[in-house]
file final07.pdb (PDB, C-alpha atoms and all ligand atoms)
ATOM      1  CA  MET H 170       5.926  18.348 -58.836  1.00  0.00           C
ATOM      2  CA  THR H 171       5.310  15.900 -56.022  1.00  0.00           C
ATOM      3  CA  THR H 172       3.791  16.903 -52.735  1.00  0.00           C
ATOM      4  CA  THR H 173       4.846  15.115 -49.577  1.00  0.00           C
ATOM      5  CA  GLN H 174       2.140  14.589 -47.063  1.00  0.00           C
ATOM      6  CA  GLN H 175       3.246  15.155 -43.519  1.00  0.00           C
ATOM      7  CA  GLN H 176       2.506  12.200 -41.295  1.00  0.00           C
ATOM      8  CA  PRO H 177       1.314  13.134 -37.797  1.00  0.00           C
ATOM      9  CA  VAL H 178       4.042  12.423 -35.269  1.00  0.00           C
ATOM     10  CA  PRO H 179       2.645   9.911 -32.772  1.00  0.00           C
ATOM     11  CA  SER H 180       2.652  11.551 -29.372  1.00  0.00           C
ATOM     12  CA  ARG H 181       4.318   9.665 -26.571  1.00  0.00           C
ATOM     13  CA  PRO H 182       2.057   8.690 -23.686  1.00  0.00           C
ATOM     14  CA  PRO H 183       2.847  10.585 -20.481  1.00  0.00           C
ATOM     15  CA  ALA H 184       5.082   8.678 -18.098  1.00  0.00           C
ATOM     16  CA  LEU H 185       4.547   8.215 -14.388  1.00  0.00           C
ATOM     17  CA  HIS H 186       7.378   7.086 -12.158  1.00  0.00           C
ATOM     18  CA  ILE H 187       6.737   5.708  -8.677  1.00  0.00           C
ATOM     19  CA  THR H 188       9.068   4.719  -5.859  1.00  0.00           C
ATOM     20  CA  LEU H 189       7.583   2.174  -3.455  1.00  0.00           C
ATOM     21  CA  GLY H 190       8.907   1.600   0.060  1.00  0.00           C
ATOM     22  CA  SER H 191       8.535  -2.163   0.021  1.00  0.00           C
ATOM     23  CA  LYS H 192       9.527  -5.228  -1.933  1.00  0.00           C
ATOM     24  CA  ASN H 193       6.488  -7.193  -0.811  1.00  0.00           C
ATOM     25  CA  PRO H 194       4.875  -8.666  -3.989  1.00  0.00           C
ATOM     26  CA  SER H 195       1.311  -8.178  -2.738  1.00  0.00           C
ATOM     27  CA  LYS H 196       1.966  -4.471  -2.077  1.00  0.00           C
ATOM     28  CA  LEU H 197       3.589  -4.073  -5.503  1.00  0.00           C
ATOM     29  CA  LEU H 198       0.613  -5.784  -7.157  1.00  0.00           C
ATOM     30  CA  ALA H 199      -1.774  -3.441  -5.320  1.00  0.00           C
ATOM     31  CA  VAL H 200       0.103  -0.406  -6.641  1.00  0.00           C
ATOM     32  CA  GLN H 201       0.389  -1.769 -10.187  1.00  0.00           C
ATOM     33  CA  SER H 202      -3.300  -2.588 -10.462  1.00  0.00           C
ATOM     34  CA  ALA H 203      -4.374   0.757  -8.961  1.00  0.00           C
ATOM     35  CA  LEU H 204      -2.093   2.731 -11.311  1.00  0.00           C
ATOM     36  CA  SER H 205      -3.457   1.004 -14.395  1.00  0.00           C
ATOM     37  CA  ARG H 206      -6.991   2.111 -13.392  1.00  0.00           C
ATOM     38  CA  LEU H 207      -6.082   5.599 -12.135  1.00  0.00           C
ATOM     39  CA  PHE H 208      -3.730   6.537 -14.971  1.00  0.00           C
ATOM     40  CA  PRO H 209      -4.778   4.373 -17.931  1.00  0.00           C
ATOM     41  CA  THR H 210      -3.145   6.626 -20.540  1.00  0.00           C
ATOM     42  CA  HIS H 211       0.243   6.811 -18.779  1.00  0.00           C
ATOM     43  CA  THR H 212       3.137   4.422 -18.886  1.00  0.00           C
ATOM     44  CA  HIS H 213       4.139   3.346 -15.383  1.00  0.00           C
ATOM     45  CA  SER H 214       7.493   2.500 -13.889  1.00  0.00           C
ATOM     46  CA  ILE H 215       7.934   1.468 -10.274  1.00  0.00           C
ATOM     47  CA  THR H 216      11.125   1.006  -8.308  1.00  0.00           C
ATOM     48  CA  THR H 217      10.840  -1.034  -5.107  1.00  0.00           C
ATOM     49  CA  HIS H 218      13.002  -0.576  -2.029  1.00  0.00           C
ATOM     50  CA  SER H 219      13.331  -2.237   1.357  1.00  0.00           C
ATOM     51  CA  VAL H 220      13.115   0.724   3.692  1.00  0.00           C
ATOM     52  CA  PRO H 221      12.753   1.131   7.448  1.00  0.00           C
ATOM     53  CA  SER H 222       9.266   2.046   8.672  1.00  0.00           C
ATOM     54  CA  HIS H 223      10.666   3.584  11.893  1.00  0.00           C
ATOM     55  CA  VAL H 224       7.717   2.075  13.773  1.00  0.00           C
ATOM     56  CA  SER H 225       7.387  -1.326  15.429  1.00  0.00           C
ATOM     57  CA  PRO H 226       7.368  -4.444  13.207  1.00  0.00           C
ATOM     58  CA  GLN H 227       3.722  -4.995  14.188  1.00  0.00           C
ATOM     59  CA  PRO H 228       2.031  -1.601  14.557  1.00  0.00           C
ATOM     60  CA  MET H 229      -0.870  -1.788  17.032  1.00  0.00           C
ATOM     61  CA  SER H 230      -2.735   1.465  16.351  1.00  0.00           C
ATOM     62  CA  ASP H 231      -3.849   3.523  13.352  1.00  0.00           C
ATOM     63  CA  ASP H 232      -1.561   6.337  14.561  1.00  0.00           C
ATOM     64  CA  GLU H 233       1.474   4.088  14.424  1.00  0.00           C
ATOM     65  CA  THR H 234       0.494   2.407  11.156  1.00  0.00           C
ATOM     66  CA  ILE H 235      -0.103   5.736   9.387  1.00  0.00           C
ATOM     67  CA  GLN H 236       3.243   7.010  10.668  1.00  0.00           C
ATOM     68  CA  GLY H 237       4.904   3.867   9.302  1.00  0.00           C
ATOM     69  CA  ALA H 238       3.287   4.376   5.883  1.00  0.00           C
ATOM     70  CA  ILE H 239       4.412   8.032   5.730  1.00  0.00           C
ATOM     71  CA  ASN H 240       7.930   7.122   6.854  1.00  0.00           C
ATOM     72  CA  ARG H 241       8.185   4.443   4.182  1.00  0.00           C
ATOM     73  CA  ALA H 242       7.016   6.842   1.462  1.00  0.00           C
ATOM     74  CA  LYS H 243       9.624   9.412   2.570  1.00  0.00           C
ATOM     75  CA  GLU H 244      12.394   6.802   2.668  1.00  0.00           C
ATOM     76  CA  ALA H 245      11.431   5.538  -0.787  1.00  0.00           C
ATOM     77  CA  LEU H 246      11.648   9.089  -2.176  1.00  0.00           C
ATOM     78  CA  LEU H 247      15.082   9.563  -0.637  1.00  0.00           C
ATOM     79  CA  LEU H 248      16.272   6.478  -2.538  1.00  0.00           C
ATOM     80  CA  ASP H 249      14.652   7.542  -5.818  1.00  0.00           C
ATOM     81  CA  PRO H 250      14.211  11.339  -5.795  1.00  0.00           C
ATOM     82  CA  GLU H 251      13.404  11.453  -9.524  1.00  0.00           C
ATOM     83  CA  ALA H 252      10.082   9.698  -8.901  1.00  0.00           C
ATOM     84  CA  ASP H 253       6.806  11.588  -9.302  1.00  0.00           C
ATOM     85  CA  TYR H 254       5.339   9.976  -6.191  1.00  0.00           C
ATOM     86  CA  GLY H 255       6.688   8.024  -3.222  1.00  0.00           C
ATOM     87  CA  ILE H 256       4.386   5.369  -1.816  1.00  0.00           C
ATOM     88  CA  GLY H 257       4.489   3.770   1.620  1.00  0.00           C
ATOM     89  CA  ILE H 258       2.194   0.921   2.659  1.00  0.00           C
ATOM     90  CA  GLU H 259       2.028  -0.337   6.225  1.00  0.00           C
ATOM     91  CA  GLY H 260      -0.146  -3.050   7.771  1.00  0.00           C
ATOM     92  CA  GLY H 261      -1.305  -2.700  11.357  1.00  0.00           C
ATOM     93  CA  THR H 262      -4.052  -3.316  13.872  1.00  0.00           C
ATOM     94  CA  HIS H 263      -6.440  -0.966  15.627  1.00  0.00           C
ATOM     95  CA  THR H 264      -8.673  -1.686  18.623  1.00  0.00           C
ATOM     96  CA  ILE H 265     -12.064   0.033  18.815  1.00  0.00           C
ATOM     97  CA  PRO H 266     -12.529   0.809  22.540  1.00  0.00           C
ATOM     98  CA  LEU H 267     -16.347   0.887  22.419  1.00  0.00           C
ATOM     99  CA  ILE H 268     -16.504  -2.786  21.448  1.00  0.00           C
ATOM    100  CA  SER H 269     -13.057  -3.952  22.579  1.00  0.00           C
ATOM    101  CA  ARG H 270     -12.491  -5.634  19.233  1.00  0.00           C
ATOM    102  CA  THR H 271      -9.405  -5.416  17.049  1.00  0.00           C
ATOM    103  CA  PHE H 272      -9.194  -4.966  13.287  1.00  0.00           C
ATOM    104  CA  GLU H 273      -6.345  -5.089  10.800  1.00  0.00           C
ATOM    105  CA  SER H 274      -5.932  -2.866   7.755  1.00  0.00           C
ATOM    106  CA  GLY H 275      -3.284  -1.433   5.500  1.00  0.00           C
ATOM    107  CA  TRP H 276      -2.588   2.309   5.460  1.00  0.00           C
ATOM    108  CA  ILE H 277      -1.214   3.911   2.318  1.00  0.00           C
ATOM    109  CA  ALA H 278       0.704   7.206   2.140  1.00  0.00           C
ATOM    110  CA  ILE H 279       1.449   8.836  -1.199  1.00  0.00           C
ATOM    111  CA  ILE H 280       3.833  11.792  -1.329  1.00  0.00           C
ATOM    112  CA  HIS H 281       3.920  14.014  -4.393  1.00  0.00           C
ATOM    113  CA  SER H 282       7.628  14.665  -4.795  1.00  0.00           C
ATOM    114  CA  LYS H 283       7.309  18.179  -6.274  1.00  0.00           C
ATOM    115  CA  SER H 284       4.828  19.643  -3.775  1.00  0.00           C
ATOM    116  CA  GLY H 285       5.431  17.382  -0.782  1.00  0.00           C
ATOM    117  CA  LYS H 286       1.665  16.961  -0.477  1.00  0.00           C
ATOM    118  CA  ILE H 287       0.618  13.725   1.239  1.00  0.00           C
ATOM    119  CA  GLY H 288      -2.417  11.649   0.267  1.00  0.00           C
ATOM    120  CA  LEU H 289      -3.651   9.040   2.735  1.00  0.00           C
ATOM    121  CA  GLY H 290      -5.970   6.076   2.354  1.00  0.00           C
ATOM    122  CA  SER H 291      -6.630   2.718   3.903  1.00  0.00           C
ATOM    123  CA  SER H 292      -7.762  -0.709   2.865  1.00  0.00           C
ATOM    124  CA  ALA H 293     -10.920  -2.244   4.220  1.00  0.00           C
ATOM    125  CA  ARG H 294     -10.631  -3.594   7.764  1.00  0.00           C
ATOM    126  CA  PHE H 295     -11.003  -7.186   8.870  1.00  0.00           C
ATOM    127  CA  GLU H 296     -11.386  -8.466  12.401  1.00  0.00           C
ATOM    128  CA  LEU H 297      -8.698 -10.391  14.238  1.00  0.00           C
ATOM    129  CA  SER H 298      -9.855 -12.907  16.821  1.00  0.00           C
ATOM    130  CA  PRO H 299      -8.900 -12.408  20.510  1.00  0.00           C
ATOM    131  CA  LYS H 300      -6.709 -15.509  20.142  1.00  0.00           C
ATOM    132  CA  ILE H 301      -4.628 -13.861  17.385  1.00  0.00           C
ATOM    133  CA  VAL H 302      -4.571 -10.477  19.148  1.00  0.00           C
ATOM    134  CA  GLN H 303      -3.210 -12.184  22.265  1.00  0.00           C
ATOM    135  CA  ARG H 304      -0.312 -13.613  20.265  1.00  0.00           C
ATOM    136  CA  LEU H 305       0.446 -10.176  18.779  1.00  0.00           C
ATOM    137  CA  LYS H 306       0.533  -8.724  22.308  1.00  0.00           C
ATOM    138  CA  THR H 307       3.209 -11.212  23.273  1.00  0.00           C
ATOM    139  CA  GLY H 308       5.424  -9.924  20.457  1.00  0.00           C
ATOM    140  CA  GLU H 309       4.611 -12.143  17.477  1.00  0.00           C
ATOM    141  CA  GLU H 310       3.955 -10.499  14.093  1.00  0.00           C
ATOM    142  CA  LEU H 311       0.682 -11.165  12.297  1.00  0.00           C
ATOM    143  CA  ALA H 312       2.628 -12.690   9.409  1.00  0.00           C
ATOM    144  CA  GLU H 313       4.149 -15.330  11.727  1.00  0.00           C
ATOM    145  CA  VAL H 314       0.824 -16.108  13.392  1.00  0.00           C
ATOM    146  CA  ILE H 315      -1.027 -16.503  10.089  1.00  0.00           C
ATOM    147  CA  ASP H 316       1.701 -18.743   8.626  1.00  0.00           C
ATOM    148  CA  ASP H 317       1.549 -20.861  11.778  1.00  0.00           C
ATOM    149  CA  LEU H 318      -2.262 -21.167  11.866  1.00  0.00           C
ATOM    150  CA  SER H 319      -2.679 -21.720   8.113  1.00  0.00           C
ATOM    151  CA  GLY H 320       0.244 -24.116   7.727  1.00  0.00           C
ATOM    152  CA  GLN H 321       1.318 -22.058   4.717  1.00  0.00           C
ATOM    153  CA  GLU H 322       4.541 -20.150   4.140  1.00  0.00           C
ATOM    154  CA  ASP H 323       4.917 -16.434   3.506  1.00  0.00           C
ATOM    155  CA  VAL H 324       1.184 -15.715   3.389  1.00  0.00           C
ATOM    156  CA  ARG H 325       2.019 -11.997   3.685  1.00  0.00           C
ATOM    157  CA  SER H 326       3.478 -11.943   0.149  1.00  0.00           C
ATOM    158  CA  GLY H 327       0.413 -13.507  -1.453  1.00  0.00           C
ATOM    159  CA  ALA H 328      -3.209 -13.756  -0.330  1.00  0.00           C
ATOM    160  CA  GLY H 329      -2.401 -12.302   3.079  1.00  0.00           C
ATOM    161  CA  ALA H 330      -4.414 -12.816   6.242  1.00  0.00           C
ATOM    162  CA  MET H 331      -7.294 -11.145   4.399  1.00  0.00           C
ATOM    163  CA  GLY H 332      -7.294 -13.837   1.736  1.00  0.00           C
ATOM    164  CA  ILE H 333      -7.042 -16.649   4.277  1.00  0.00           C
ATOM    165  CA  LEU H 334      -9.929 -15.328   6.377  1.00  0.00           C
ATOM    166  CA  THR H 335     -12.218 -14.641   3.397  1.00  0.00           C
ATOM    167  CA  ASN H 336     -11.596 -17.915   1.541  1.00  0.00           C
ATOM    168  CA  GLY H 337      -9.715 -15.993  -1.133  1.00  0.00           C
ATOM    169  CA  CYS H 338     -12.542 -13.517  -1.810  1.00  0.00           C
ATOM    170  CA  VAL H 339     -10.464 -10.470  -0.794  1.00  0.00           C
ATOM    171  CA  ASN H 340      -6.746 -10.986  -1.100  1.00  0.00           C
ATOM    172  CA  ARG H 341      -4.234  -8.530   0.338  1.00  0.00           C
ATOM    173  CA  ASP H 342      -3.382  -6.908  -3.018  1.00  0.00           C
ATOM    174  CA  VAL H 343      -7.054  -6.328  -3.862  1.00  0.00           C
ATOM    175  CA  ALA H 344      -7.824  -4.757  -0.489  1.00  0.00           C
ATOM    176  CA  TYR H 345      -4.666  -2.639  -0.515  1.00  0.00           C
ATOM    177  CA  ALA H 346      -5.406  -1.405  -4.058  1.00  0.00           C
ATOM    178  CA  HIS H 347      -8.509   0.321  -2.636  1.00  0.00           C
ATOM    179  CA  GLY H 348      -6.297   2.183  -0.179  1.00  0.00           C
ATOM    180  CA  VAL H 349      -4.038   3.242  -3.062  1.00  0.00           C
ATOM    181  CA  PHE H 350      -7.070   4.622  -4.941  1.00  0.00           C
ATOM    182  CA  PHE H 351      -8.133   6.625  -1.892  1.00  0.00           C
ATOM    183  CA  ALA H 352      -4.637   7.938  -1.203  1.00  0.00           C
ATOM    184  CA  PHE H 353      -4.396   9.162  -4.804  1.00  0.00           C
ATOM    185  CA  ALA H 354      -7.783  10.923  -4.558  1.00  0.00           C
ATOM    186  CA  PRO H 355      -6.340  14.412  -3.789  1.00  0.00           C
ATOM    187  CA  PHE H 356      -4.164  14.133  -6.909  1.00  0.00           C
ATOM    188  CA  VAL H 357      -6.725  12.803  -9.377  1.00  0.00           C
ATOM    189  CA  SER H 358      -9.980  14.532  -8.398  1.00  0.00           C
ATOM    190  CA  GLY H 359     -11.089  18.142  -8.826  1.00  0.00           C
ATOM    191  CA  ARG H 360      -9.533  20.862  -6.664  1.00  0.00           C
ATOM    192  CA  GLN H 361     -12.996  22.003  -5.557  1.00  0.00           C
ATOM    193  CA  TYR H 362     -13.142  18.974  -3.241  1.00  0.00           C
ATOM    194  CA  TRP H 363      -9.896  19.819  -1.470  1.00  0.00           C
ATOM    195  CA  GLU H 364      -9.234  23.569  -1.548  1.00  0.00           C
TER     196      GLU H 364
HETATM  197  O1  LIG O   1       8.072  -6.276   3.359  1.00  0.00           O
HETATM  198  P1  LIG O   1       7.142  -5.332   4.023  1.00  0.00           P
HETATM  199  O2  LIG O   1       6.758  -4.163   3.181  1.00  0.00           O
HETATM  200  O3  LIG O   1       7.572  -4.933   5.420  1.00  0.00           O
HETATM  201  O4  LIG O   1       5.755  -6.145   4.155  1.00  0.00           O
HETATM  202  P2  LIG O   1       5.060  -6.858   5.395  1.00  0.00           P
HETATM  203  O5  LIG O   1       4.259  -7.983   4.881  1.00  0.00           O
HETATM  204  O6  LIG O   1       6.037  -7.176   6.484  1.00  0.00           O
HETATM  205  O7  LIG O   1       3.990  -5.792   5.839  1.00  0.00           O
HETATM  206  P3  LIG O   1       3.919  -4.662   6.976  1.00  0.00           P
HETATM  207  O8  LIG O   1       5.257  -4.445   7.608  1.00  0.00           O
HETATM  208  O9  LIG O   1       3.236  -3.496   6.367  1.00  0.00           O
HETATM  209  O10 LIG O   1       2.899  -5.272   8.022  1.00  0.00           O
HETATM  210  C1  LIG O   1       3.076  -5.232   9.423  1.00  0.00           C
HETATM  211  C2  LIG O   1       2.960  -6.595   9.988  1.00  0.00           C
HETATM  212  O11 LIG O   1       1.656  -7.139   9.774  1.00  0.00           O
HETATM  213  C3  LIG O   1       1.751  -8.303   8.973  1.00  0.00           C
HETATM  214  N1  LIG O   1       0.629  -8.312   8.057  1.00  0.00           N
HETATM  215  C4  LIG O   1      -0.093  -7.257   7.653  1.00  0.00           C
HETATM  216  N2  LIG O   1      -1.059  -7.639   6.823  1.00  0.00           N
HETATM  217  C5  LIG O   1      -0.927  -8.963   6.681  1.00  0.00           C
HETATM  218  C6  LIG O   1      -1.612  -9.933   5.948  1.00  0.00           C
HETATM  219  O12 LIG O   1      -2.647  -9.601   5.185  1.00  0.00           O
HETATM  220  N3  LIG O   1      -1.198 -11.185   6.038  1.00  0.00           N
HETATM  221  C7  LIG O   1      -0.159 -11.533   6.807  1.00  0.00           C
HETATM  222  N4  LIG O   1       0.530 -10.674   7.536  1.00  0.00           N
HETATM  223  C8  LIG O   1       0.152  -9.397   7.470  1.00  0.00           C
HETATM  224  C9  LIG O   1       3.073  -8.133   8.281  1.00  0.00           C
HETATM  225  O13 LIG O   1       3.583  -9.280   7.738  1.00  0.00           O
HETATM  226  C10 LIG O   1       3.919  -7.565   9.388  1.00  0.00           C
HETATM  227  O14 LIG O   1       4.230  -8.549  10.331  1.00  0.00           O
END
call {"tool": "encode", "arguments": {"input": "final07.pdb", "output": "structure tokens", "more": "lines below"}}
Ligand SMILES: O=P(O)(O)OP(=O)(O)OP(=O)(O)OC[C@H]1O[C@@H](n2cnc3c(O)ncnc32)[C@H](O)[C@@H]1O
result
Amino acid sequence: MTTTQQQPVPSRPPALHITLGSKNPSKLLAVQSALSRLFPTHTHSITTHSVPSHVSPQPMSDDETIQGAINRAKEALLLDPEADYGIGIEGGTHTIPLISRTFESGWIAIIHSKSGKIGLGSSARFELSPKIVQRLKTGEELAEVIDDLSGQEDVRSGAGAMGILTNGCVNRDVAYAHGVFFAFAPFVSGRQYWE
């Protein structure tokens, strides 16, 4: 009589599906690299969508930038409701009144589709010179100003202003990935820190 040994059935890795409210390659790269660190045992799929932010093209306060990030995450979830999380990323400036100096950063909003809970995080900030801020106040977008001053095209989709101003030490995707980590914190850390 022969005995057949049962082979263990390989278990499928858990899958995580994300909908991102942007088609900007540097934002997508930020999300991809953060997911691979945050959820190393999952498979990841990301759909990208051009969505309205419902704020101005160049947000000029943290309030407005955060609102834009949340709006983008909501819009992305409307377009792909099967996703586990909707992510919105918005770049914007903020002036610190005490020192009258202006900084740029990216805000990240992550909405858990089942619970509706929103995680928020931001990238590091970098200073914009008064000369650049002046141009933003006259209606230009940072992307246009940086392309003009650097002589490069579509900086926003690659190194970003951050990369230009730091000699490539901190590119936009790297800085934004930090914001993605922070925005995921309520979903990946212990409940005792949040409830
Ligand atoms: O396609 P979307 O997702 O809209 O990507 P975007 O690059 O336009 O990004 P945002 O709307 O979030 O940013 C608001 C504005 O600030 C600009 N901006 C933000 N960060 C930048 C960076 O690092 N380099 C160049 N432009 C930047 C951006 O291009 C917009 O004009």
call {"tool": "resolve_selection", "arguments": {"input": "final07.pdb", "expression": "the PyMOL selection byres (((not hetatm)) within 7 of (chain O and resi 1))", "output": "CSV table (one decimal) with C-alpha atoms, in the frame of the given file"}}
result
chain,number,residue,atom,x,y,z
H,190,GLY,CA,8.9,1.6,0.1
H,191,SER,CA,8.5,-2.2,0.0
H,192,LYS,CA,9.5,-5.2,-1.9
H,193,ASN,CA,6.5,-7.2,-0.8
H,219,SER,CA,13.3,-2.2,1.4
H,226,PRO,CA,7.4,-4.4,13.2
H,227,GLN,CA,3.7,-5.0,14.2
H,228,PRO,CA,2.0,-1.6,14.6
H,258,ILE,CA,2.2,0.9,2.7
H,259,GLU,CA,2.0,-0.3,6.2
H,260,GLY,CA,-0.1,-3.0,7.8
H,261,GLY,CA,-1.3,-2.7,11.4
H,274,SER,CA,-5.9,-2.9,7.8
H,275,GLY,CA,-3.3,-1.4,5.5
H,310,GLU,CA,4.0,-10.5,14.1
H,311,LEU,CA,0.7,-11.2,12.3
H,312,ALA,CA,2.6,-12.7,9.4
H,313,GLU,CA,4.1,-15.3,11.7
H,315,ILE,CA,-1.0,-16.5,10.1
H,324,VAL,CA,1.2,-15.7,3.4
H,325,ARG,CA,2.0,-12.0,3.7
H,326,SER,CA,3.5,-11.9,0.1
H,328,ALA,CA,-3.2,-13.8,-0.3
H,329,GLY,CA,-2.4,-12.3,3.1
H,330,ALA,CA,-4.4,-12.8,6.2
H,331,MET,CA,-7.3,-11.1,4.4
H,341,ARG,CA,-4.2,-8.5,0.3
call {"tool": "atom_distance", "arguments": {"input": "final07.pdb", "atom1": "CA of Arg241 (chain H)", "atom2": "CA of Ala354 (chain H)"}}
result
19.3 Å
call {"tool": "atom_distance", "arguments": {"input": "final07.pdb", "atom1": "CA of Lys243 (chain H)", "atom2": "CA of Gly308 (chain H)"}}
result
26.7 Å
call {"tool": "atom_distance", "arguments": {"input": "final07.pdb", "atom1": "CA of Gly337 (chain H)", "atom2": "CA of Phe350 (chain H)"}}
result
21.1 Å
call {"tool": "closest_residue", "arguments": {"input": "final07.pdb", "among": "H:Ala184, H:Leu289, H:Ala346, H:Leu197", "to": "Asp231 (chain H)", "atoms": "all atoms listed in the file"}}
result
H:Leu289
call {"tool": "resolve_selection", "arguments": {"input": "final07.pdb", "expression": "the PyMOL selection byres (((chain H and resi 277) around 8) and not hetatm)", "output": "ChimeraX atom specification"}}
result
/H:235,238-239,256-259,275-276,278-279,289-291,345,348-349,352
call {"tool": "resolve_selection", "arguments": {"input": "final07.pdb", "expression": "the PyMOL selection byres (((chain H and resi 200-214) around 8) and not hetatm)", "output": "CSV table (one decimal) with C-alpha atoms, keeping the file's coordinate frame"}}
result
chain,number,residue,atom,x,y,z
H,182,PRO,CA,2.1,8.7,-23.7
H,183,PRO,CA,2.8,10.6,-20.5
H,184,ALA,CA,5.1,8.7,-18.1
H,185,LEU,CA,4.5,8.2,-14.4
H,186,HIS,CA,7.4,7.1,-12.2
H,187,ILE,CA,6.7,5.7,-8.7
H,196,LYS,CA,2.0,-4.5,-2.1
H,197,LEU,CA,3.6,-4.1,-5.5
H,198,LEU,CA,0.6,-5.8,-7.2
H,199,ALA,CA,-1.8,-3.4,-5.3
H,215,ILE,CA,7.9,1.5,-10.3
H,216,THR,CA,11.1,1.0,-8.3
H,346,ALA,CA,-5.4,-1.4,-4.1
H,347,HIS,CA,-8.5,0.3,-2.6
H,349,VAL,CA,-4.0,3.2,-3.1
H,350,PHE,CA,-7.1,4.6,-4.9
H,357,VAL,CA,-6.7,12.8,-9.4
call {"tool": "closest_residue", "arguments": {"input": "final07.pdb", "among": "H:Asp253, H:Val178, H:Gly288, H:Ser230", "to": "Phe351 (chain H)", "atoms": "all atoms listed in the file"}}
result
H:Gly288
call {"tool": "closest_residue", "arguments": {"input": "final07.pdb", "among": "H:Leu246, H:Met229, H:Gln361, H:Thr335", "to": "Leu305 (chain H)", "atoms": "only C-alpha atoms"}}
result
H:Met229
call {"tool": "axis_aligned_box", "arguments": {"input": "final07.pdb", "around": "region 291-304 of chain H", "padding_each_side": "6 Å", "output": "JSON"}}
result
{"center_x": -5.8, "center_y": -6.4, "center_z": 12.6, "size_x": 23.1, "size_y": 30.2, "size_z": 31.4}
call {"tool": "closest_residue", "arguments": {"input": "final07.pdb", "among": "H:Leu334, H:Ile280, H:Val343, H:Ala245", "to": "Ser292 (chain H)", "atoms": "only C-alpha atoms"}}
result
H:Val343
call {"tool": "closest_residue", "arguments": {"input": "final07.pdb", "among": "H:Ser225, H:Ser298, H:Ser195, H:Ser358", "to": "Gly327 (chain H)", "atoms": "all atoms listed in the file"}}
result
H:Ser195
call {"tool": "closest_residue", "arguments": {"input": "final07.pdb", "among": "H:Val314, H:Leu189, H:Ile265, H:Ala293", "to": "Val339 (chain H)", "atoms": "only C-alpha atoms"}}
result
H:Ala293
call {"tool": "build_atoms", "arguments": {"input": "final07.pdb", "residues": "region 197-212 of chain H", "atoms": "N, CA and C atoms", "output": "short mmCIF file (atom, residue, chain, number, x, y, z; two decimals), in the frame of the given file"}}
result
data_model
loop_
_atom_site.label_atom_id
_atom_site.label_comp_id
_atom_site.auth_asym_id
_atom_site.auth_seq_id
_atom_site.Cartn_x
_atom_site.Cartn_y
_atom_site.Cartn_z
N LEU H 197 3.26 -4.52 -4.15
CA LEU H 197 3.59 -4.07 -5.50
C LEU H 197 2.40 -4.30 -6.44
N LEU H 198 1.77 -5.47 -6.31
CA LEU H 198 0.61 -5.78 -7.16
C LEU H 198 -0.52 -4.78 -6.92
N ALA H 199 -0.73 -4.42 -5.65
CA ALA H 199 -1.77 -3.44 -5.32
C ALA H 199 -1.50 -2.12 -6.03
N VAL H 200 -0.25 -1.68 -6.01
CA VAL H 200 0.10 -0.41 -6.64
C VAL H 200 -0.03 -0.51 -8.16
N GLN H 201 0.47 -1.61 -8.72
CA GLN H 201 0.39 -1.77 -10.19
C GLN H 201 -1.06 -1.75 -10.67
N SER H 202 -1.92 -2.50 -9.97
CA SER H 202 -3.30 -2.59 -10.46
C SER H 202 -4.03 -1.26 -10.26
N ALA H 203 -3.73 -0.55 -9.16
CA ALA H 203 -4.37 0.76 -8.96
C ALA H 203 -3.90 1.77 -10.02
N LEU H 204 -2.61 1.77 -10.33
CA LEU H 204 -2.09 2.73 -11.31
C LEU H 204 -2.72 2.53 -12.68
N SER H 205 -2.92 1.25 -13.05
CA SER H 205 -3.46 1.00 -14.40
C SER H 205 -4.90 1.50 -14.51
N ARG H 206 -5.62 1.56 -13.37
CA ARG H 206 -6.99 2.11 -13.39
C ARG H 206 -6.98 3.64 -13.25
N LEU H 207 -6.11 4.15 -12.41
CA LEU H 207 -6.08 5.60 -12.14
C LEU H 207 -5.48 6.40 -13.29
N PHE H 208 -4.46 5.83 -13.91
CA PHE H 208 -3.73 6.54 -14.97
C PHE H 208 -3.64 5.64 -16.20
N PRO H 209 -4.79 5.35 -16.84
CA PRO H 209 -4.78 4.37 -17.93
C PRO H 209 -4.02 4.83 -19.18
N THR H 210 -3.83 6.16 -19.32
CA THR H 210 -3.14 6.63 -20.54
C THR H 210 -1.65 6.83 -20.31
N HIS H 211 -1.18 6.63 -19.07
CA HIS H 211 0.24 6.81 -18.78
C HIS H 211 0.99 5.48 -18.91
N THR H 212 2.29 5.59 -19.12
CA THR H 212 3.14 4.42 -18.89
C THR H 212 3.59 4.51 -17.42
#
